[in-house]
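Data block for protein35.txt (compact mmCIF, C-alpha atoms and all ligand atoms):
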```txt
# COMPACT_ATOMS: atom_id res chain seq x y z
CA MET P 1142 47.39 10.59 13.73
CA ILE P 1143 45.40 10.89 10.52
CA GLN P 1144 46.87 13.30 7.95
CA LYS P 1145 44.89 15.83 5.86
CA LYS P 1146 46.29 14.20 2.72
CA VAL P 1147 44.64 10.92 3.72
CA ILE P 1148 41.24 12.48 4.32
CA SER P 1149 41.31 14.46 1.08
CA SER P 1150 42.22 11.38 -0.96
CA PHE P 1151 38.81 9.76 -0.32
CA ALA P 1152 35.73 10.69 -2.34
CA LEU P 1153 33.80 12.28 0.54
CA LEU P 1154 30.72 14.42 0.09
CA GLY P 1155 30.75 17.89 1.62
CA VAL P 1156 33.44 19.80 3.42
CA VAL P 1157 35.27 18.27 6.37
CA LEU P 1158 34.02 19.79 9.63
CA ASP P 1159 35.38 17.50 12.28
CA ILE P 1160 37.90 14.69 12.80
CA LYS P 1161 38.09 12.64 15.97
CA LYS P 1162 39.46 9.37 17.23
CA TYR P 1163 36.65 6.88 17.59
CA GLY P 1164 35.63 3.58 19.17
CA ASN P 1165 37.34 1.06 21.38
CA GLY P 1166 38.75 -1.45 18.90
CA HIS P 1167 41.96 -3.17 20.01
CA ILE P 1168 43.55 -3.37 16.57
CA ASN P 1169 43.14 -0.60 14.02
CA GLU P 1170 43.28 3.17 14.46
CA THR P 1171 39.75 4.47 13.90
CA TYR P 1172 38.57 8.04 13.16
CA LEU P 1173 35.15 9.56 12.74
CA ILE P 1174 35.10 12.18 10.00
CA THR P 1175 32.15 14.57 9.79
CA THR P 1176 31.47 16.60 6.68
CA SER P 1177 28.85 19.26 5.93
CA LYS P 1178 25.42 18.01 4.90
CA ILE P 1179 24.43 18.21 1.26
CA PRO P 1180 20.76 18.33 0.21
CA TYR P 1181 19.83 15.33 -1.89
CA LEU P 1182 18.28 16.32 -5.22
CA ASN P 1183 16.74 19.41 -3.64
CA GLN P 1184 14.82 17.30 -1.16
CA GLU P 1185 15.11 17.69 2.56
CA LYS P 1186 16.86 14.35 2.84
CA THR P 1187 20.61 14.60 3.28
CA ILE P 1188 23.23 12.19 2.12
CA CYS P 1189 25.63 10.50 4.46
CA ASN P 1190 27.93 12.99 6.03
CA ARG P 1191 29.80 10.86 8.51
CA TYR P 1192 32.59 8.47 7.70
CA ILE P 1193 34.80 6.00 9.49
CA MET P 1194 38.46 6.07 8.45
CA GLN P 1195 40.90 3.48 9.67
CA SER P 1196 44.59 2.85 9.33
CA ILE P 1197 45.03 -0.88 8.93
CA ASN P 1198 47.28 -2.42 11.58
CA GLN P 1199 50.11 -3.90 9.54
CA HIS P 1200 51.67 -5.71 12.46
CA VAL P 1201 48.48 -7.77 12.50
CA PHE P 1202 47.46 -7.77 8.82
CA LYS P 1203 50.43 -8.51 6.61
CA ASN P 1204 48.72 -7.89 3.28
CA PRO P 1205 46.30 -4.93 3.47
CA LYS P 1206 45.58 -5.04 -0.28
CA LYS P 1207 44.33 -8.63 -0.14
CA LEU P 1208 42.49 -7.87 3.09
CA MET P 1209 40.60 -5.01 1.43
CA LYS P 1210 39.84 -7.07 -1.67
CA ASN P 1211 38.31 -9.69 0.63
CA ILE P 1212 36.18 -7.08 2.43
CA ASP P 1213 35.12 -5.62 -0.92
CA LEU P 1214 33.95 -9.03 -2.18
CA VAL P 1215 32.18 -9.94 1.05
CA THR P 1216 30.40 -6.59 1.47
CA THR P 1217 29.24 -6.73 -2.17
CA TYR P 1218 27.92 -10.25 -1.65
CA LEU P 1219 26.18 -9.29 1.60
CA SER P 1220 24.44 -6.28 0.09
CA GLN P 1221 23.23 -8.44 -2.83
CA LYS P 1222 21.60 -10.57 -0.13
CA ASN P 1223 20.03 -7.45 1.38
CA TYR P 1224 22.38 -7.54 4.36
CA HIS P 1225 23.51 -3.92 4.64
CA SER P 1226 26.62 -3.51 6.69
CA LEU P 1227 30.01 -1.94 6.03
CA GLU P 1228 30.08 0.06 2.82
CA ILE P 1229 33.48 0.99 1.42
CA VAL P 1230 33.99 4.60 0.33
CA LYS P 1231 36.55 4.62 -2.46
CA THR P 1232 39.34 7.11 -3.07
CA LYS P 1233 39.04 9.83 -5.69
CA LYS P 1234 41.11 7.50 -7.88
CA ASN P 1235 38.49 4.78 -7.42
CA LYS P 1236 40.59 2.55 -5.15
CA ILE P 1237 39.37 0.70 -2.08
CA TYR P 1238 42.30 1.87 0.08
CA TYR P 1239 44.79 4.71 0.14
CA LYS P 1240 48.48 4.21 0.81
CA HIS P 1241 50.13 7.13 2.56
CA HIS P 1242 53.87 6.61 3.00
CA LYS P 1243 53.82 3.03 4.26
CA THR P 1244 50.41 3.08 5.92
CA TYR P 1245 47.21 1.76 4.35
CA TRP P 1246 43.98 3.64 5.04
CA ARG P 1247 40.38 2.75 4.29
CA CYS P 1248 37.07 4.53 4.58
CA TYR P 1249 33.56 3.26 5.33
CA LYS P 1250 30.23 5.04 5.44
CA PHE P 1251 29.30 5.62 9.07
CA ILE P 1252 26.35 3.37 9.94
CA GLU P 1253 23.75 5.90 11.12
CA ASN P 1254 20.95 5.49 13.65
CA ALA P 1255 22.76 2.62 15.30
CA ARG P 1256 25.45 2.06 17.88
CA THR P 1257 27.77 -0.49 19.45
CA TYR P 1258 27.99 -1.31 23.17
CA GLU P 1259 30.93 -2.06 25.45
CA THR P 1260 28.67 -3.68 28.06
CA ILE P 1261 24.95 -4.34 27.99
CA ASP P 1262 22.25 -5.21 30.54
CA ASP P 1263 19.10 -5.06 28.39
CA LEU P 1264 18.14 -8.69 27.72
CA LEU P 1265 16.09 -7.84 24.62
CA ILE P 1266 19.10 -6.15 23.05
CA ILE P 1267 21.24 -9.15 23.98
CA GLU P 1268 18.75 -11.41 22.21
CA GLN P 1269 19.07 -9.12 19.17
CA MET P 1270 22.85 -9.56 19.33
CA GLY P 1271 22.33 -13.31 19.01
CA ILE P 1272 20.05 -12.66 16.05
CA ALA P 1273 22.68 -10.40 14.44
CA ILE P 1274 25.35 -13.10 14.55
CA GLY P 1275 22.92 -15.82 13.44
CA GLN P 1276 21.76 -13.75 10.45
CA PHE P 1277 25.29 -12.98 9.37
CA GLU P 1278 26.34 -16.64 9.54
CA LYS P 1279 23.21 -17.87 7.78
CA ILE P 1280 23.79 -15.57 4.82
CA MET P 1281 27.52 -16.29 4.68
CA LEU P 1282 26.85 -20.06 4.54
CA ASP P 1283 26.46 -19.81 0.74
CA TYR P 1284 29.60 -17.75 0.21
CA PRO P 1285 32.30 -19.83 -1.55
CA LEU P 1286 34.86 -20.85 1.06
CA ASP P 1287 37.73 -20.89 -1.42
CA LYS P 1288 37.13 -17.22 -2.29
CA LEU P 1289 38.00 -16.14 1.24
CA TYR P 1290 41.42 -14.67 1.92
CA ILE P 1291 43.08 -15.93 5.12
CA SER P 1292 44.02 -12.62 6.70
CA ILE P 1293 45.58 -14.21 9.81
CA PRO P 1294 46.66 -17.84 9.38
CA ASN P 1295 45.76 -20.08 12.35
CA PHE P 1296 43.77 -17.23 13.91
CA HIS P 1297 41.67 -19.56 16.08
CA ASN P 1298 44.06 -22.48 16.19
CA SER P 1299 44.32 -22.69 19.98
CA SER P 1300 47.15 -25.24 19.92
CA LYS P 1301 49.21 -22.87 17.77
CA ARG P 1302 48.28 -20.05 20.16
CA LEU P 1303 49.62 -22.21 23.00
CA GLU P 1304 52.90 -22.72 21.08
CA GLN P 1305 53.16 -18.96 20.55
CA PHE P 1306 52.56 -18.40 24.27
CA ILE P 1307 55.28 -20.91 25.16
CA GLN P 1308 57.68 -19.20 22.73
CA ALA P 1309 56.94 -15.84 24.38
CA LEU P 1310 57.67 -17.44 27.77
CA ARG P 1311 61.01 -18.69 26.43
CA ARG P 1312 61.87 -15.23 25.02
CA ASN P 1313 60.80 -13.62 28.30
CA LYS P 1314 61.50 -10.30 26.61
CA ARG P 1315 60.34 -8.04 29.45
CA GLN P 1316 61.50 -10.41 32.21
CA LEU P 1317 57.90 -10.79 33.40
CA LYS P 1318 57.51 -14.56 33.32
CA HIS P 1319 57.78 -14.85 37.12
CA THR P 1320 54.71 -12.60 37.53
CA ILE P 1321 52.38 -15.06 35.79
CA ARG P 1322 53.24 -18.43 37.36
CA LYS P 1323 49.64 -19.15 38.38
CA GLU P 1324 48.32 -18.17 34.95
CA ILE P 1325 50.87 -20.41 33.20
CA ARG P 1326 49.81 -23.36 35.37
CA PHE P 1327 46.14 -22.70 34.64
CA ILE P 1328 46.61 -22.50 30.88
CA LEU P 1329 48.77 -25.64 30.74
CA SER P 1330 46.34 -27.64 32.88
CA HIS P 1331 43.50 -26.62 30.54
CA SER P 1332 45.29 -27.33 27.26
CA PRO P 1333 43.38 -30.63 26.70
CA TYR P 1334 40.36 -28.47 25.81
CA PHE P 1335 42.10 -27.21 22.68
CA SER P 1336 41.88 -30.50 20.82
CA ILE P 1337 38.08 -30.76 21.21
CA ILE P 1338 37.09 -28.43 18.37
CA GLU P 1339 40.28 -29.00 16.39
CA LYS P 1340 39.62 -32.78 16.32
CA GLY P 1341 36.01 -32.15 15.25
CA ILE P 1342 37.20 -30.01 12.35
CA ILE P 1343 39.72 -32.66 11.25
CA ASN P 1344 37.10 -35.44 11.53
CA LYS P 1345 34.62 -33.17 9.73
CA THR P 1346 32.03 -33.50 12.51
CA ILE P 1347 32.40 -29.75 12.97
CA ARG P 1348 31.99 -27.77 9.74
CA LEU P 1349 34.47 -25.28 8.34
CA ILE P 1350 32.35 -22.53 6.83
CA PRO P 1351 32.70 -18.77 6.24
CA THR P 1352 32.54 -17.19 9.71
CA HIS P 1353 33.22 -13.76 11.20
CA ASN P 1354 35.78 -14.83 13.80
CA ASP P 1355 35.65 -11.62 15.87
CA THR P 1356 32.11 -11.43 17.23
CA LYS P 1357 32.87 -9.47 20.38
CA ILE P 1358 30.23 -7.12 21.71
CA ASN P 1359 31.50 -3.91 20.09
CA ASN P 1360 31.52 -5.43 16.62
CA ILE P 1361 27.70 -5.72 16.68
CA MET P 1362 25.55 -2.75 15.61
CA ILE P 1363 22.13 -2.25 17.22
CA ASP P 1364 19.72 0.39 15.91
CA ASN P 1365 17.83 3.12 17.77
CA ASN P 1366 14.81 0.84 18.14
CA ASN P 1367 17.04 -1.74 19.84
CA LYS P 1368 16.93 -4.08 16.84
CA SER P 1369 19.97 -5.81 15.41
CA VAL P 1370 21.42 -4.11 12.35
CA CYS P 1371 24.54 -6.00 11.37
CA LEU P 1372 28.03 -7.11 12.29
CA ILE P 1373 31.01 -4.88 11.49
CA ASP P 1374 34.82 -5.32 11.66
CA PHE P 1375 35.26 -7.66 8.69
CA ASP P 1376 39.03 -8.13 8.96
CA THR P 1377 38.84 -11.76 10.00
CA ILE P 1378 36.08 -13.22 7.84
CA MET P 1379 37.71 -16.53 7.07
CA PRO P 1380 36.89 -20.24 7.00
CA GLY P 1381 36.08 -21.12 10.60
CA THR P 1382 33.53 -22.74 12.87
CA ILE P 1383 30.37 -21.10 14.15
CA LEU P 1384 31.46 -22.32 17.59
CA TYR P 1385 34.14 -19.63 17.90
CA ASP P 1386 31.67 -16.92 16.83
CA TYR P 1387 29.17 -18.11 19.43
CA GLY P 1388 31.84 -18.51 22.15
CA ASP P 1389 33.43 -15.11 21.58
CA ALA P 1390 30.06 -13.38 21.70
CA ILE P 1391 29.24 -15.00 25.06
CA ARG P 1392 32.76 -14.18 26.34
CA SER P 1393 32.12 -10.50 25.79
CA ILE P 1394 28.34 -10.18 26.28
CA ALA P 1395 27.59 -12.43 29.26
CA LEU P 1396 30.66 -11.40 31.27
CA ILE P 1397 29.95 -9.77 34.62
CA GLY P 1398 32.69 -7.13 34.91
CA LYS P 1399 34.85 -5.44 32.31
CA GLU P 1400 37.23 -7.21 29.93
CA ASP P 1401 40.12 -5.70 31.93
CA GLU P 1402 38.38 -5.66 35.34
CA ILE P 1403 40.66 -5.09 38.33
CA ASP P 1404 38.30 -6.64 40.88
CA LEU P 1405 38.40 -10.30 39.91
CA SER P 1406 35.95 -11.23 42.67
CA ILE P 1407 33.04 -9.90 40.56
CA ILE P 1408 33.91 -11.86 37.41
CA ASP P 1409 31.24 -14.38 36.53
CA ILE P 1410 28.94 -15.46 33.72
CA ASP P 1411 25.46 -13.92 33.77
CA LEU P 1412 23.05 -16.79 33.16
CA THR P 1413 20.17 -14.58 32.06
CA LYS P 1414 22.39 -12.87 29.48
CA PHE P 1415 23.67 -16.28 28.35
CA HIS P 1416 20.07 -17.42 27.98
CA SER P 1417 18.94 -14.36 25.99
CA PHE P 1418 21.87 -14.40 23.58
CA THR P 1419 21.55 -18.14 22.97
CA LYS P 1420 17.81 -17.79 22.41
CA GLY P 1421 18.33 -15.11 19.75
CA TYR P 1422 21.16 -16.99 18.11
CA LEU P 1423 19.37 -20.34 17.93
CA SER P 1424 16.14 -18.71 16.71
CA ILE P 1425 18.04 -17.99 13.49
CA MET P 1426 20.52 -20.86 13.39
CA GLU P 1427 18.44 -23.79 14.71
CA ASP P 1428 18.17 -25.42 11.26
CA ASN P 1429 21.76 -24.60 10.40
CA ILE P 1430 23.57 -26.07 13.36
CA THR P 1431 24.53 -29.72 13.77
CA ASN P 1432 24.02 -31.76 16.96
CA GLU P 1433 27.78 -32.04 17.33
CA GLU P 1434 28.06 -28.25 17.23
CA ILE P 1435 25.23 -27.85 19.76
CA ASN P 1436 27.02 -30.28 22.06
CA HIS P 1437 30.14 -28.10 22.01
CA LEU P 1438 28.63 -24.65 22.46
CA VAL P 1439 29.66 -24.43 26.11
CA ASP P 1440 33.12 -25.87 25.35
CA SER P 1441 33.50 -23.18 22.71
CA ILE P 1442 33.14 -20.41 25.32
CA ILE P 1443 35.84 -22.01 27.44
CA ILE P 1444 38.18 -22.57 24.49
CA ILE P 1445 37.84 -19.09 22.95
CA THR P 1446 38.27 -17.46 26.37
CA LEU P 1447 41.39 -19.52 27.12
CA GLU P 1448 42.68 -18.64 23.67
CA CYS P 1449 42.13 -14.92 24.30
CA SER P 1450 43.85 -15.17 27.67
CA MET P 1451 46.88 -16.85 26.06
CA ARG P 1452 46.99 -14.11 23.42
CA PHE P 1453 46.79 -11.35 26.06
CA LEU P 1454 49.53 -13.03 28.11
CA THR P 1455 51.72 -13.46 25.03
CA ASP P 1456 51.34 -9.76 24.30
CA TYR P 1457 51.99 -8.84 27.94
CA LEU P 1458 55.25 -10.80 27.82
CA ASP P 1459 56.25 -9.36 24.41
CA GLY P 1460 55.65 -5.71 25.34
CA ASP P 1461 52.13 -4.97 24.03
CA VAL P 1462 52.97 -5.17 20.36
CA TYR P 1463 49.61 -6.61 19.21
CA PHE P 1464 46.63 -5.26 21.19
CA HIS P 1465 46.13 -1.57 21.95
CA VAL P 1466 46.65 -0.97 25.66
CA ASP P 1467 46.10 1.98 28.00
CA ASP P 1468 48.78 0.83 30.44
CA PRO P 1469 51.42 -1.97 30.66
CA MET P 1470 49.25 -4.10 32.99
CA GLN P 1471 46.09 -4.06 30.87
CA ASN P 1472 46.87 -7.22 28.88
CA LEU P 1473 47.59 -9.05 32.14
CA ARG P 1474 44.29 -7.86 33.64
CA ARG P 1475 42.46 -9.00 30.50
CA ALA P 1476 44.10 -12.42 30.73
CA ARG P 1477 43.20 -12.78 34.41
CA VAL P 1478 39.58 -11.86 33.75
CA GLY P 1479 39.46 -14.56 31.07
CA ILE P 1480 40.90 -17.17 33.41
CA LYS P 1481 38.40 -16.33 36.16
CA PHE P 1482 35.58 -16.43 33.58
CA VAL P 1483 36.67 -19.92 32.51
CA LYS P 1484 36.66 -21.07 36.16
CA LYS P 1485 33.09 -19.78 36.53
CA ILE P 1486 31.93 -21.49 33.34
CA GLU P 1487 33.46 -24.76 34.48
CA GLU P 1488 31.55 -24.45 37.77
CA LYS P 1489 28.29 -23.80 35.91
CA LYS P 1490 28.84 -26.07 32.91
CA GLU P 1491 25.90 -28.38 33.66
CA GLN P 1492 23.53 -25.47 34.19
CA LEU P 1493 24.61 -23.82 30.94
CA GLU P 1494 24.25 -27.06 28.99
CA LYS P 1495 20.81 -27.60 30.48
CA ILE P 1496 19.71 -24.12 29.34
CA ILE P 1497 20.76 -24.99 25.77
CA PHE P 1498 19.23 -28.47 25.94
CA ASP P 1499 15.89 -27.16 27.27
CA MET P 1500 15.81 -24.49 24.59
CA LYS P 1501 16.43 -27.08 21.87
CA SER P 1502 13.85 -29.55 23.16
CA LYS P 1503 11.15 -26.84 23.37
CA LYS P 1504 11.39 -26.34 19.58
P1 LIG E 1 39.10 -2.71 15.40
O1 LIG E 1 39.50 -3.62 14.29
O2 LIG E 1 40.23 -1.92 15.95
O3 LIG E 1 38.33 -3.43 16.45
P2 LIG E 1 36.57 -1.76 14.34
O4 LIG E 1 36.48 -1.92 12.87
O5 LIG E 1 35.88 -2.77 15.16
O6 LIG E 1 38.12 -1.64 14.75
O7 LIG E 1 36.05 -0.30 14.71
C1 LIG E 1 36.15 0.22 16.03
C2 LIG E 1 34.79 0.78 16.47
O8 LIG E 1 34.39 1.82 15.56
C3 LIG E 1 33.66 -0.23 16.45
O9 LIG E 1 33.58 -0.94 17.67
C4 LIG E 1 32.43 0.67 16.23
O10 LIG E 1 32.00 1.24 17.44
C5 LIG E 1 32.98 1.79 15.35
N1 LIG E 1 32.73 1.56 13.89
C6 LIG E 1 33.52 0.90 13.02
N2 LIG E 1 33.02 0.92 11.77
C7 LIG E 1 31.86 1.64 11.85
C8 LIG E 1 30.88 2.08 10.89
N3 LIG E 1 30.98 1.78 9.58
N4 LIG E 1 29.82 2.81 11.34
C9 LIG E 1 29.71 3.13 12.66
N5 LIG E 1 30.61 2.78 13.59
C10 LIG E 1 31.67 2.05 13.21
C1 LIG E 2 40.50 -7.84 18.97
O1 LIG E 2 39.70 -5.70 16.91
P1 LIG E 2 38.77 -6.04 18.04
O2 LIG E 2 38.96 -5.16 19.20
O3 LIG E 2 37.36 -6.07 17.52
C2 LIG E 2 41.01 -9.11 18.29
C3 LIG E 2 40.12 -10.29 18.67
C4 LIG E 2 40.12 -10.44 20.19
C5 LIG E 2 39.63 -9.14 20.83
C6 LIG E 2 39.71 -9.21 22.33
C7 LIG E 2 42.04 -9.10 14.65
O4 LIG E 2 39.20 -7.53 18.47
O5 LIG E 2 40.63 -11.48 18.10
O6 LIG E 2 39.27 -11.50 20.57
O7 LIG E 2 40.44 -8.04 20.37
N1 LIG E 2 41.04 -8.93 16.84
C8 LIG E 2 42.10 -9.33 16.11
O8 LIG E 2 38.99 -8.18 22.88
O9 LIG E 2 43.08 -9.87 16.62
MG MG E 3 36.48 -4.35 16.41
```
Would you mind writing the file's structure down as structure tokens?
Amino acid sequence: MIQKKVISSFALLGVVLDIKKYGNGHINETYLITTSKIPYLNQEKTICNRYIMQSINQHVFKNPKKLMKNIDLVTTYLSQKNYHSLEIVKTKKNKIYYKHHKTYWRCYKFIENARTYETIDDLLIIEQMGIAIGQFEKIMLDYPLDKLYISIPNFHNSSKRLEQFIQALRRNKRQLKHTIRKEIRFILSHSPYFSIIEKGIINKTIRLIPTHNDTKINNIMIDNNNKSVCLIDFDTIMPGTILYDYGDAIRSIALIGKEDEIDLSIIDIDLTKFHSFTKGYLSIMEDNITNEEINHLVDSIIIITLECSMRFLTDYLDGDVYFHVDDPMQNLRRARVGIKFVKKIEEKKEQLEKIIFDMKSKK
């Protein structure tokens, strides 16, 4: 729960009217704070009166101060490039976070006239989501890689994620290993995928550049005219490959069913959604993507989805210590959805690759 002391420590305009829990993020605790409107220089215009406050999850982010410094640098850089996204609201003592007891809190201006989605059917909005990710990556290409703070080491190192999964199986903390025999077999039989992108990075055929690394659907803001606004959730902006950003977006946007769907029979990839997102993304990134990267776009969806499934299973085994859950089976459901999604992509791999190839050759 957010304390009054936390709210009053930030330099908010107006008087606090309302405080409520907000959003569906799996990691931080997010609140929407509404304050009274204040007329701006006697004009009718009002200044921002909604704020997002978050307690930073310290199980996940070990050094909140460095994390916030990173976000401060990146958001300043982005706004210099006319990319308006998260805007930090400082404390009354001019700091970019507030430490209350042992918890670190931060505040952002609420991005008005825009929203995030949990699922989406409108193909034009999906195309805009591709544009949003492409625009972010294109601008971040010039950001110095060595200035980025690694907030979670090996975040998208799938082989390390596999090791962590195997360690969780060995610990078998909640005695649940026997319930996931099929899932274990599936993950192990698919582990050869993990070296594809990792090898490319080592051989330098796949570039390491500043990427977002958490491009799921509800980290993309779309405005009231259905146009892309920006990406949010900047906790994992680190050196990475655009392949994971592309793959994670498809994992969450083109999925038929919910991320934690109970009815696995409906899980599939929606080809029209895949097409629209890819079209939007490539319309921005076509000159900034290598042939090697294009060739691995479909692999990237498989790899990132397998990686997520391993992470959900690891958390299921460990007792839900990482991702927020509504019930003790939710991480298992999420993992199973991912596995079914991978099966469907494998079935449709040629079709998906043809869609990308045709799009490229039309240019
Ligand atoms: P988590 O790290 O837990 O995923 P996020 O930073 O993604 O948390 O925030 C959770 C949700 O809150 C987002 O999906 C989005 O809907 C909303 N949100 C976050 N920041 C803002 C903002 N500045 N303006 C408007 N909505 C926001
Ligand atoms: C988390 O924080 P959120 O909900 O935007 C996670 C991602 C996972 C995603 C799965 C820092 O994203 O890596 O892909 O859940 N973020 C972190 O839905 O671990
Ligand atoms: Mg998020």
Worksheet item: atom CA of Glu1433 of chain P and atom CA of Asn1354 of chain P are how many Å apart?
Response: 19.3 Å
Worksheet item: Nearest to Glu1494 of chain P among P:Lys1481, P:Lys1250, P:His1437, P:Arg1474, with distances taken over all atoms listed in the file: which residue is it?
Response: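 Smallest distance to Glu1494 of chain P is found for P:His1437.
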Practice prompt. Measuring atom to atom with all atoms listed in the file, identify which of P:Leu1454, P:Ile1197, P:Ala1273, P:Val1483 is nearest to ligand LIG 1 (chain E).
Written response: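 For ligand LIG 1 (chain E), the nearest of the given residues is P:Ile1197.
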Worksheet entry | Straight-line distance linking atom CA of Ser1299 of chain P with atom CA of Ile1443 of chain P, stated in Å to one decimal |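 Distance reported for this atom pair: 11.3 Å.
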Discussion item. Please report the interatomic distance between atom CA of Val1156 of chain P and atom CA of Ser1177 of chain P in Å with one decimal.
Written reply: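 Between atom CA of Val1156 of chain P and atom CA of Ser1177 of chain P the gap is 5.3 Å.
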Worksheet item: Hey, can you pull every residue with an atom no more than 8 Å from (35.7, -26.8, 16.7), using all atoms listed in the file, and send it as a PyMOL selection string?
Response: chain P and resi 1337-1342+1347-1348+1382+1384-1385+1434+1437+1441
Item to complete: Using all atoms listed in the file, determine which residues lie at most 7 Å from Phe1415 of chain P, disregarding the query and same-chain residues fewer than 3 positions distant; provide the list as a list in words.
Response: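 What passes the distance filter is Ile1391, Ala1395, Asp1411, Leu1412, Phe1418 and Thr1419 of chain P.
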Please produce an output containing C-alpha atoms for each residue in the selection, written as a compact mmCIF listing (two decimals), in the frame of the given file.
```txt
# COMPACT_ATOMS: atom_id res chain seq x y z
CA ILE P 1391 29.24 -15.00 25.06
CA ALA P 1395 27.59 -12.43 29.26
CA ASP P 1411 25.46 -13.92 33.77
CA LEU P 1412 23.05 -16.79 33.16
CA PHE P 1418 21.87 -14.40 23.58
CA THR P 1419 21.55 -18.14 22.97
```
Discussion item. Using only C-alpha atoms and all ligand atoms, which residues of the polymer chains come no farther than 6 Å from ligand LIG 1 (chain E)? I'd like the answer as a ChimeraX atom specification.
Written reply: /P:1163-1169,1171,1193,1227,1249-1252,1257,1359-1360,1374
Worksheet item: From the list P:Lys1161, P:Arg1392, P:Lys1357, P:His1465, which residue is nearest ligand MG 3 (chain E) when using only C-alpha atoms and all ligand atoms?
Response: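 Under the stated criterion, the closest residue is P:Lys1357.
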Worksheet entry | Option closest in space to Thr1413 of chain P, from P:Phe1453, P:Gln1316, P:Pro1351, P:Glu1268 [counting only C-alpha atoms] |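 Closest residue, counting only C-alpha atoms: P:Glu1268.
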Worksheet item: For ligand MG 3 (chain E), which residue among P:Arg1477, P:Lys1490, P:His1353, P:His1416 is the nearest when counting only C-alpha atoms and all ligand atoms?
Response: P:His1353
Grab all the atoms of ligand LIG 2 (chain E) that the file lists, wrap them in a box along x, y and z, add 3 Å per side, and give me centre plus edge lengths in Å (one decimal) as JSON.
```
{"center_x": 40.2, "center_y": -8.3, "center_z": 18.8, "size_x": 11.7, "size_y": 12.3, "size_z": 14.2}
```
Within 7 Å of (35.4, -12.8, 12.0) in the file's own coordinates, which protein, DNA or RNA residues have an atom, counting only C-alpha atoms? List them as a JSON list (two decimals) with C-alpha atoms, keeping the file's coordinate frame.
```json
[["chain", "number", "residue", "atom", "x", "y", "z"],
["P", 1352, "THR", "CA", 32.54, -17.19, 9.71],
["P", 1353, "HIS", "CA", 33.22, -13.76, 11.20],
["P", 1354, "ASN", "CA", 35.78, -14.83, 13.80],
["P", 1355, "ASP", "CA", 35.65, -11.62, 15.87],
["P", 1356, "THR", "CA", 32.11, -11.43, 17.23],
["P", 1375, "PHE", "CA", 35.26, -7.66, 8.69],
["P", 1376, "ASP", "CA", 39.03, -8.13, 8.96],
["P", 1377, "THR", "CA", 38.84, -11.76, 10.00],
["P", 1378, "ILE", "CA", 36.08, -13.22, 7.84],
["P", 1379, "MET", "CA", 37.71, -16.53, 7.07]]
```
Item to complete: Check the smallest atom-to-atom distance from each of P:Arg1475, P:Lys1145, P:Lys1501, P:Arg1256 to ligand LIG 2 (chain E) using only C-alpha atoms and all ligand atoms, then report the winner.
Response: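 Using only C-alpha atoms and all ligand atoms, ligand LIG 2 (chain E) sits closest to P:Arg1475.
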